[in-house]
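See below for structure_1.txt, which holds compact mmCIF, C-alpha atoms.
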```
# COMPACT_ATOMS: atom_id res chain seq x y z
CA MET C 207 145.02 38.73 50.08
CA SER C 208 142.39 36.49 51.50
CA ALA C 209 139.24 35.96 49.60
CA VAL C 210 136.15 35.71 51.69
CA THR C 211 133.36 33.78 50.07
CA THR C 212 129.95 34.66 51.34
CA ALA C 213 127.17 32.09 50.74
CA THR C 214 123.78 33.58 50.53
CA ALA C 215 121.00 31.28 51.73
CA THR C 216 118.09 31.16 49.42
CA THR C 217 114.73 30.46 50.98
CA THR C 218 112.21 28.80 48.73
CA VAL C 219 108.61 29.41 49.63
CA VAL C 220 106.27 26.70 48.39
CA ALA C 221 102.89 28.10 47.56
CA PRO C 222 99.91 26.04 48.74
CA ASP C 223 98.06 24.02 46.16
CA ALA C 224 95.54 26.32 44.65
CA SER C 225 93.62 23.58 42.86
CA PRO C 226 89.99 23.32 44.00
CA VAL C 227 89.03 20.50 46.32
CA ARG C 228 87.21 17.78 44.40
CA ARG C 229 83.66 17.44 45.56
CA ARG C 230 82.42 13.98 46.46
CA ARG C 231 80.29 12.57 43.70
CA ARG C 232 76.81 11.55 44.79
CA LEU C 233 75.95 8.06 43.60
CA SER C 234 72.60 7.60 45.33
CA PRO C 235 69.36 8.22 43.39
CA GLY C 236 68.69 11.33 45.47
CA LYS C 237 65.80 12.50 47.56
CA ARG C 238 62.53 10.65 47.10
CA LEU C 239 59.99 12.67 45.13
CA PRO C 240 56.43 12.90 46.50
CA ALA C 241 53.91 10.78 44.60
CA ALA C 242 56.64 9.80 42.14
CA ARG C 243 54.94 6.54 41.17
CA LEU C 244 51.95 8.43 39.81
CA VAL C 245 54.02 10.35 37.26
CA GLY C 246 54.08 7.49 34.76
CA PRO C 247 50.32 6.74 34.83
CA VAL C 248 49.45 10.44 34.68
CA LEU C 249 51.78 10.93 31.70
CA LEU C 250 50.24 7.91 29.95
CA LEU C 251 46.76 9.30 30.59
CA ALA C 252 47.80 12.69 29.20
CA LEU C 253 49.18 11.10 26.02
CA TRP C 254 46.01 9.05 25.63
CA ALA C 255 43.83 12.15 26.00
CA ALA C 256 45.99 14.17 23.60
CA ALA C 257 45.93 11.45 20.94
CA SER C 258 42.14 11.07 21.29
CA ALA C 259 41.57 14.83 21.05
CA ALA C 260 43.77 15.03 17.95
CA GLY C 261 41.83 12.20 16.29
CA ARG C 262 44.82 9.86 16.16
CA LEU C 263 42.93 6.99 17.77
CA ASP C 264 39.96 5.10 16.41
CA PRO C 265 37.10 5.71 18.90
CA ALA C 266 35.65 2.27 18.17
CA ALA C 267 38.91 0.55 19.12
CA VAL C 268 40.33 2.91 21.76
CA PRO C 269 37.69 5.28 23.16
CA ALA C 270 38.75 8.60 24.64
CA PRO C 271 39.37 8.81 28.40
CA TRP C 272 36.26 10.95 28.93
CA THR C 273 34.18 8.30 27.15
CA VAL C 274 35.56 5.61 29.45
CA VAL C 275 34.83 7.79 32.50
CA ARG C 276 31.27 8.40 31.29
CA THR C 277 30.76 4.66 30.77
CA GLY C 278 32.19 3.90 34.21
CA VAL C 279 29.83 6.39 35.86
CA HIS C 280 26.89 4.85 34.01
CA LEU C 281 27.86 1.32 35.10
CA TRP C 282 28.30 2.52 38.67
CA THR C 283 24.92 4.24 38.88
CA ALA C 284 23.28 1.20 37.29
CA GLY C 285 24.72 -0.97 40.07
CA THR C 286 26.60 -3.30 37.73
CA LEU C 287 30.12 -2.11 38.46
CA PRO C 288 29.92 -2.15 42.30
CA THR C 289 28.56 -5.71 42.31
CA ASP C 290 31.25 -6.97 39.96
CA MET C 291 33.97 -5.19 41.93
CA VAL C 292 32.88 -6.75 45.22
CA THR C 293 32.75 -10.20 43.64
CA SER C 294 36.24 -9.84 42.17
CA LEU C 295 37.64 -8.53 45.44
CA GLU C 296 36.20 -11.48 47.37
CA ARG C 297 37.71 -13.99 44.93
CA ALA C 298 41.10 -12.30 44.92
CA ALA C 299 41.17 -11.92 48.72
CA SER C 300 40.21 -15.57 49.35
CA GLY C 301 42.81 -16.95 46.97
CA PHE C 302 45.46 -14.53 48.20
CA ALA C 303 44.91 -15.43 51.86
CA ILE C 304 45.23 -19.16 51.16
CA GLY C 305 48.29 -18.67 48.94
CA LEU C 306 49.96 -16.39 51.49
CA ALA C 307 49.54 -18.88 54.32
CA ALA C 308 50.69 -21.81 52.19
CA GLY C 309 53.73 -19.97 50.82
CA VAL C 310 54.96 -18.82 54.24
CA LEU C 311 54.43 -22.17 55.98
CA LEU C 312 56.07 -24.18 53.21
CA ALA C 313 59.01 -21.77 53.05
CA LEU C 314 59.57 -22.03 56.82
CA ALA C 315 59.33 -25.82 56.73
CA ALA C 316 61.77 -26.07 53.81
CA GLY C 317 64.12 -23.38 55.07
CA LEU C 318 64.48 -24.61 58.65
CA SER C 319 64.68 -28.35 58.03
CA ARG C 320 66.70 -30.44 55.60
CA VAL C 321 63.95 -33.05 55.57
CA GLY C 322 61.37 -30.36 54.79
CA GLU C 323 63.56 -28.98 52.03
CA ALA C 324 63.93 -32.43 50.49
CA LEU C 325 60.17 -32.99 50.53
CA ILE C 326 58.96 -29.51 49.60
CA ASP C 327 61.46 -27.57 47.50
CA GLY C 328 61.59 -29.90 44.53
CA THR C 329 57.81 -30.27 44.48
CA VAL C 330 57.25 -26.50 44.52
CA ASN C 331 59.78 -25.96 41.74
CA LEU C 332 58.06 -28.67 39.70
CA ASN C 333 54.77 -26.86 40.24
CA ARG C 334 56.43 -23.61 39.17
CA ALA C 335 57.58 -25.21 35.94
CA ILE C 336 54.00 -26.16 35.05
CA PRO C 337 51.96 -23.23 33.68
CA THR C 338 49.39 -22.52 36.37
CA LEU C 339 46.66 -21.53 33.92
CA GLY C 340 47.23 -24.90 32.22
CA LEU C 341 45.86 -26.52 35.39
CA ILE C 342 42.43 -24.94 34.87
CA PRO C 343 40.84 -27.89 32.97
CA LEU C 344 42.06 -30.35 35.61
CA PHE C 345 40.81 -28.22 38.49
CA ILE C 346 37.43 -27.83 36.80
CA LEU C 347 37.16 -31.64 36.71
CA TRP C 348 38.17 -31.86 40.37
CA LEU C 349 36.30 -28.89 41.87
CA GLY C 350 33.61 -28.06 39.33
CA ILE C 351 33.01 -24.72 37.62
CA GLY C 352 32.03 -22.82 40.75
CA GLU C 353 34.09 -20.53 42.96
CA SER C 354 36.33 -23.25 44.40
CA PHE C 355 38.51 -23.80 41.34
CA LYS C 356 38.95 -20.05 40.83
CA VAL C 357 40.12 -19.55 44.41
CA ALA C 358 42.40 -22.59 44.15
CA ILE C 359 44.10 -21.33 40.98
CA ILE C 360 44.62 -17.87 42.49
CA ALA C 361 46.11 -19.48 45.60
CA ILE C 362 48.61 -21.40 43.46
CA VAL C 363 49.56 -18.26 41.54
CA VAL C 364 50.16 -16.46 44.85
CA TYR C 365 51.98 -19.08 46.92
CA ILE C 366 54.74 -19.83 44.40
CA PRO C 367 56.48 -16.40 44.39
CA ILE C 368 55.99 -16.03 48.13
CA TYR C 369 57.56 -19.42 48.77
CA LEU C 370 60.48 -18.91 46.35
CA ASN C 371 61.50 -15.49 47.66
CA THR C 372 60.99 -16.33 51.33
CA HIS C 373 62.89 -19.61 51.00
CA ALA C 374 65.73 -17.84 49.17
CA ALA C 375 65.90 -15.24 51.94
CA LEU C 376 66.04 -17.96 54.59
CA ALA C 377 68.80 -19.78 52.73
CA GLY C 378 70.74 -16.51 52.47
CA ILE C 379 70.88 -15.84 56.23
CA ASP C 380 74.52 -15.65 57.33
CA HIS C 381 75.51 -18.84 59.16
CA ARG C 382 77.41 -16.75 61.71
CA PHE C 383 74.08 -15.58 63.09
CA VAL C 384 73.05 -19.20 63.55
CA GLU C 385 76.30 -19.96 65.39
CA LEU C 386 75.82 -16.88 67.57
CA ALA C 387 72.30 -18.01 68.46
CA GLU C 388 73.63 -21.45 69.41
CA VAL C 389 76.35 -19.89 71.57
CA GLN C 390 73.78 -17.68 73.28
CA GLY C 391 71.62 -20.72 73.94
CA LEU C 392 68.52 -19.37 72.19
CA SER C 393 65.48 -21.61 72.06
CA ARG C 394 63.97 -22.64 68.74
CA PHE C 395 61.19 -20.10 69.11
CA ALA C 396 63.59 -17.30 70.04
CA PHE C 397 65.85 -18.24 67.13
CA VAL C 398 62.96 -18.00 64.69
CA ARG C 399 61.71 -14.72 66.18
CA GLN C 400 65.06 -12.94 66.49
CA ILE C 401 67.08 -14.35 63.59
CA VAL C 402 64.89 -16.08 61.02
CA ILE C 403 62.01 -13.65 60.71
CA PRO C 404 64.11 -10.44 60.43
CA GLY C 405 66.44 -12.13 57.96
CA ALA C 406 63.61 -13.43 55.78
CA LEU C 407 61.42 -10.30 55.77
CA PRO C 408 63.09 -8.54 52.79
CA GLY C 409 62.63 -11.57 50.55
CA PHE C 410 59.15 -12.17 51.90
CA PHE C 411 58.00 -8.69 50.91
CA VAL C 412 59.38 -9.16 47.40
CA GLY C 413 57.37 -12.36 47.09
CA LEU C 414 54.35 -10.65 48.62
CA ARG C 415 54.36 -7.94 45.98
CA LEU C 416 54.65 -10.54 43.22
CA GLY C 417 51.85 -12.54 44.83
CA VAL C 418 49.53 -9.52 45.00
CA THR C 419 50.13 -8.78 41.33
CA GLY C 420 49.71 -12.44 40.42
CA SER C 421 46.35 -12.63 42.14
CA TRP C 422 44.96 -9.92 39.86
CA LEU C 423 46.55 -11.42 36.75
CA GLY C 424 45.02 -14.81 37.51
CA LEU C 425 41.67 -13.28 38.36
CA VAL C 426 41.25 -11.47 35.04
CA VAL C 427 41.60 -14.80 33.21
CA LEU C 428 39.55 -16.93 35.59
CA GLU C 429 36.57 -14.59 35.59
CA GLN C 430 36.15 -15.13 31.87
CA ILE C 431 35.71 -18.90 32.32
CA ASN C 432 32.23 -20.08 33.31
CA ALA C 433 31.60 -17.02 35.48
CA THR C 434 28.35 -15.13 35.94
CA SER C 435 29.73 -12.09 37.74
CA GLY C 436 32.95 -10.18 38.29
CA LEU C 437 34.98 -7.70 36.30
CA GLY C 438 36.32 -10.36 33.97
CA TYR C 439 32.79 -11.55 33.21
CA MET C 440 31.75 -7.95 32.52
CA MET C 441 34.66 -7.55 30.08
CA PHE C 442 33.90 -10.88 28.38
CA GLN C 443 30.29 -9.86 27.82
CA ALA C 444 31.43 -6.48 26.49
CA GLN C 445 33.70 -8.27 24.02
CA ASN C 446 30.72 -10.15 22.59
CA TYR C 447 28.90 -6.86 21.97
CA GLY C 448 31.94 -4.89 20.79
CA GLN C 449 31.85 -2.48 23.76
CA SER C 450 35.48 -1.44 23.98
CA ASP C 451 34.67 1.32 26.46
CA VAL C 452 33.34 -1.24 28.96
CA ILE C 453 36.44 -3.38 28.46
CA LEU C 454 38.64 -0.36 29.20
CA VAL C 455 36.60 0.38 32.34
CA GLY C 456 37.37 -3.13 33.58
CA LEU C 457 41.06 -2.79 32.74
CA VAL C 458 41.27 0.56 34.53
CA VAL C 459 39.62 -0.91 37.64
CA TYR C 460 42.01 -3.88 37.58
CA GLY C 461 44.92 -1.47 37.21
CA VAL C 462 43.73 0.66 40.13
CA PHE C 463 43.29 -2.42 42.31
CA GLY C 464 46.79 -3.62 41.44
CA LEU C 465 48.42 -0.23 41.98
CA VAL C 466 46.68 0.36 45.32
CA SER C 467 47.46 -3.12 46.66
CA ASP C 468 51.11 -2.88 45.58
CA SER C 469 51.42 0.57 47.17
CA ALA C 470 49.91 -0.78 50.40
CA VAL C 471 52.49 -3.59 50.50
CA ARG C 472 55.28 -1.08 49.86
CA LEU C 473 54.02 1.12 52.69
CA VAL C 474 53.94 -1.79 55.13
CA GLU C 475 57.39 -2.89 53.94
CA ARG C 476 58.90 0.56 54.57
CA ARG C 477 57.46 0.67 58.08
CA VAL C 478 58.38 -2.88 59.05
CA LEU C 479 61.89 -2.61 57.58
CA SER C 480 62.52 0.96 58.68
CA TRP C 481 65.75 -0.23 60.38
CA ARG C 482 67.35 -0.97 57.02
CA ARG C 483 69.47 1.60 55.19
CA THR C 484 69.03 0.79 51.52
CA LEU C 485 69.43 2.56 48.20
CA SER C 486 65.71 3.23 47.91
CA SER C 487 65.44 4.69 51.41
```
Turn the structure described in the file into structure tokens.
Amino acid sequence: MSAVTTATATTTVVAPDASPVRRRRRLSPGKRLPAARLVGPVLLLALWAAASAAGRLDPAAVPAPWTVVRTGVHLWTAGTLPTDMVTSLERAASGFAIGLAAGVLLALAAGLSRVGEALIDGTVNLNRAIPTLGLIPLFILWLGIGESFKVAIIAIVVYIPIYLNTHAALAGIDHRFVELAEVQGLSRFAFVRQIVIPGALPGFFVGLRLGVTGSWLGLVVLEQINATSGLGYMMFQAQNYGQSDVILVGLVVYGVFGLVSDSAVRLVERRVLSWRRTLSS
């Protein structure tokens, strides 16, 4: 009797993986919020107003926001505040213009020439190591106590960060771009226009923002030294008479000037460097 063995084929059906697909994690900061940079100052103002209304602040030391606003309106209608604002703006603008030109020209000379770097870079870094405000007595002896020494000090405060950041950006340009320009036979002017300037712009704008801020920081000190007008002079006179509300008016105006000028530089930077894809954009 023959035994017939029948093999039964077993088909195994593999079920598809039912685990959910892992979503890609977003690492960027997200969409830019409108007027996001005003959130911090508005929150600070709200806390100041709340503390003043609750009586947590001494009105003689830190007046309430509405008191400062009332004082500012009084100074404006009296004509004192507009005159001091114009004077301060003229000083800051003059010093900033000189510092901007000096910083850019020195950075280009040091970044595009080894001889220029040897002559300029060490000298600028030595100047950076010396506290700029410590030069005030020497500049008063050289230039007198008029407007010249104030503009000169502001120019020094401005040109140092512009030079350092622009020079660093120039030194960081990839050498392959330089070799490509040589292969293409670009002239010196075309090389500067097509390679150097685009490569140095990001660092230049960083230095520009620091220079704008530095011009206001230097101005608030200089206007309290042998000055007869300006916001710093107004604050110094208010200190002698214990007028803390006037001092706060000056500080608020300085803060507004600094915030507006920094925002203007940021706006120009975003438009000029719109070709870049960065974390902030």
Exercise for the section: Extract, using only C-alpha atoms, all DNA, RNA and protein residues at most 8 Å from segment 332-343 of chain C, discarding same-chain residues fewer than 2 positions from it, and format them as a PyMOL selection string. Expected result: chain C and resi 328-330+345-347+355+359+362-363+366+424
Exercise for the section: Rank C:Phe463, C:Arg476, C:Gly448, C:Lys237 by their smallest atom-to-atom distance to Val268 of chain C, using only C-alpha atoms, and report the top residue only. Expected result: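 Once distances to Val268 of chain C are computed over only C-alpha atoms, the minimum belongs to C:Gly448.
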Practice task
Scan for residues within 12 Å of the point (51.9, -3.3, 45.7) in the coordinates of the file, using all atoms listed in the file, and reply as a ChimeraX atom specification.
Solution key: /C:243,411-422,461-476
Problem - Within 8 Å of Ile453 of chain C using all atoms listed in the file, minus same-chain residues under 4 positions, as a count of residues only - result: 7
Handout entry: Test item: which residues lie within 10 Å of (62.4, -14.0, 57.7) counting only C-alpha atoms, as a list of chain:residue names
Key =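 Those residues, ordered by chain and then number, are C:Val310, C:Ala313, C:Leu314, C:Gly317, C:Thr372, C:His373, C:Ala374, C:Ala375, C:Leu376, C:Ala377, C:Ile379, C:Val398, C:Arg399, C:Gln400, C:Ile401, C:Val402, C:Ile403, C:Pro404, C:Gly405, C:Ala406, C:Leu407, C:Pro408, C:Gly409, C:Phe410, C:Phe411.
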Practice task
Name the closest residue to Ala267 of chain C among the candidates C:Leu344, C:Asp380, C:Leu454, C:Ser435; distances are taken between atoms, counting only C-alpha atoms.
Solution key: C:Leu454
Practice task
Could you tell me how far atom CA of Phe397 of chain C lies from atom CA of Leu311 of chain C, in Å and to one decimal?
Solution key: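 About the pair atom CA of Phe397 of chain C and atom CA of Leu311 of chain C: they are 16.4 Å apart.
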Practice task
Would you mind reading off the distance between atom CA of Thr273 of chain C and atom CA of Ala242 of chain C, one decimal, in Å?
Solution key: 27.0 Å
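Atom pair atom CA of Leu370 of chain C / atom CA of Glu296 of chain C: separated by 25.4 Å.
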Handout entry: Distance query Arg276 of chain C at most 12 Å, only C-alpha atoms, self and fewer than 5 positions along chain excluded, as a PyMOL selection string
Key = chain C and resi 269-271+281-283+451-452+454-455
Selection above as a file: C-alpha atoms, as a compact mmCIF listing (two decimals), in the frame of the given file:
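What follows is the written file again-v8.txt:
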```
# COMPACT_ATOMS: atom_id res chain seq x y z
CA PRO C 269 37.69 5.28 23.16
CA ALA C 270 38.75 8.60 24.64
CA PRO C 271 39.37 8.81 28.40
CA LEU C 281 27.86 1.32 35.10
CA TRP C 282 28.30 2.52 38.67
CA THR C 283 24.92 4.24 38.88
CA ASP C 451 34.67 1.32 26.46
CA VAL C 452 33.34 -1.24 28.96
CA LEU C 454 38.64 -0.36 29.20
CA VAL C 455 36.60 0.38 32.34
```
Problem - Residue neighbourhood Leu306 of chain C, 7 Å, all atoms listed in the file, exclusion window fewer than 4 positions, as a ChimeraX atom specification - result: /C:302,310,364-365,368
Determine the axis-aligned bounding box of all atoms of segment 456-472 of chain C present in the file, pad each side by 8 Å, and express its centre and edge lengths in Å to one decimal place as lines of an AutoDock Vina configuration file.
```
center_x = 46.3
center_y = -1.6
center_z = 41.6
size_x = 33.9
size_y = 20.5
size_z = 33.8
```
Exercise for the section: Can you pull out every residue within 9 Å of Gln430 of chain C, counting all atoms listed in the file, but drop anything in the same chain fewer than 4 positions away, and send it as a PyMOL selection string? Expected result: chain C and resi 425-426+434+436-443
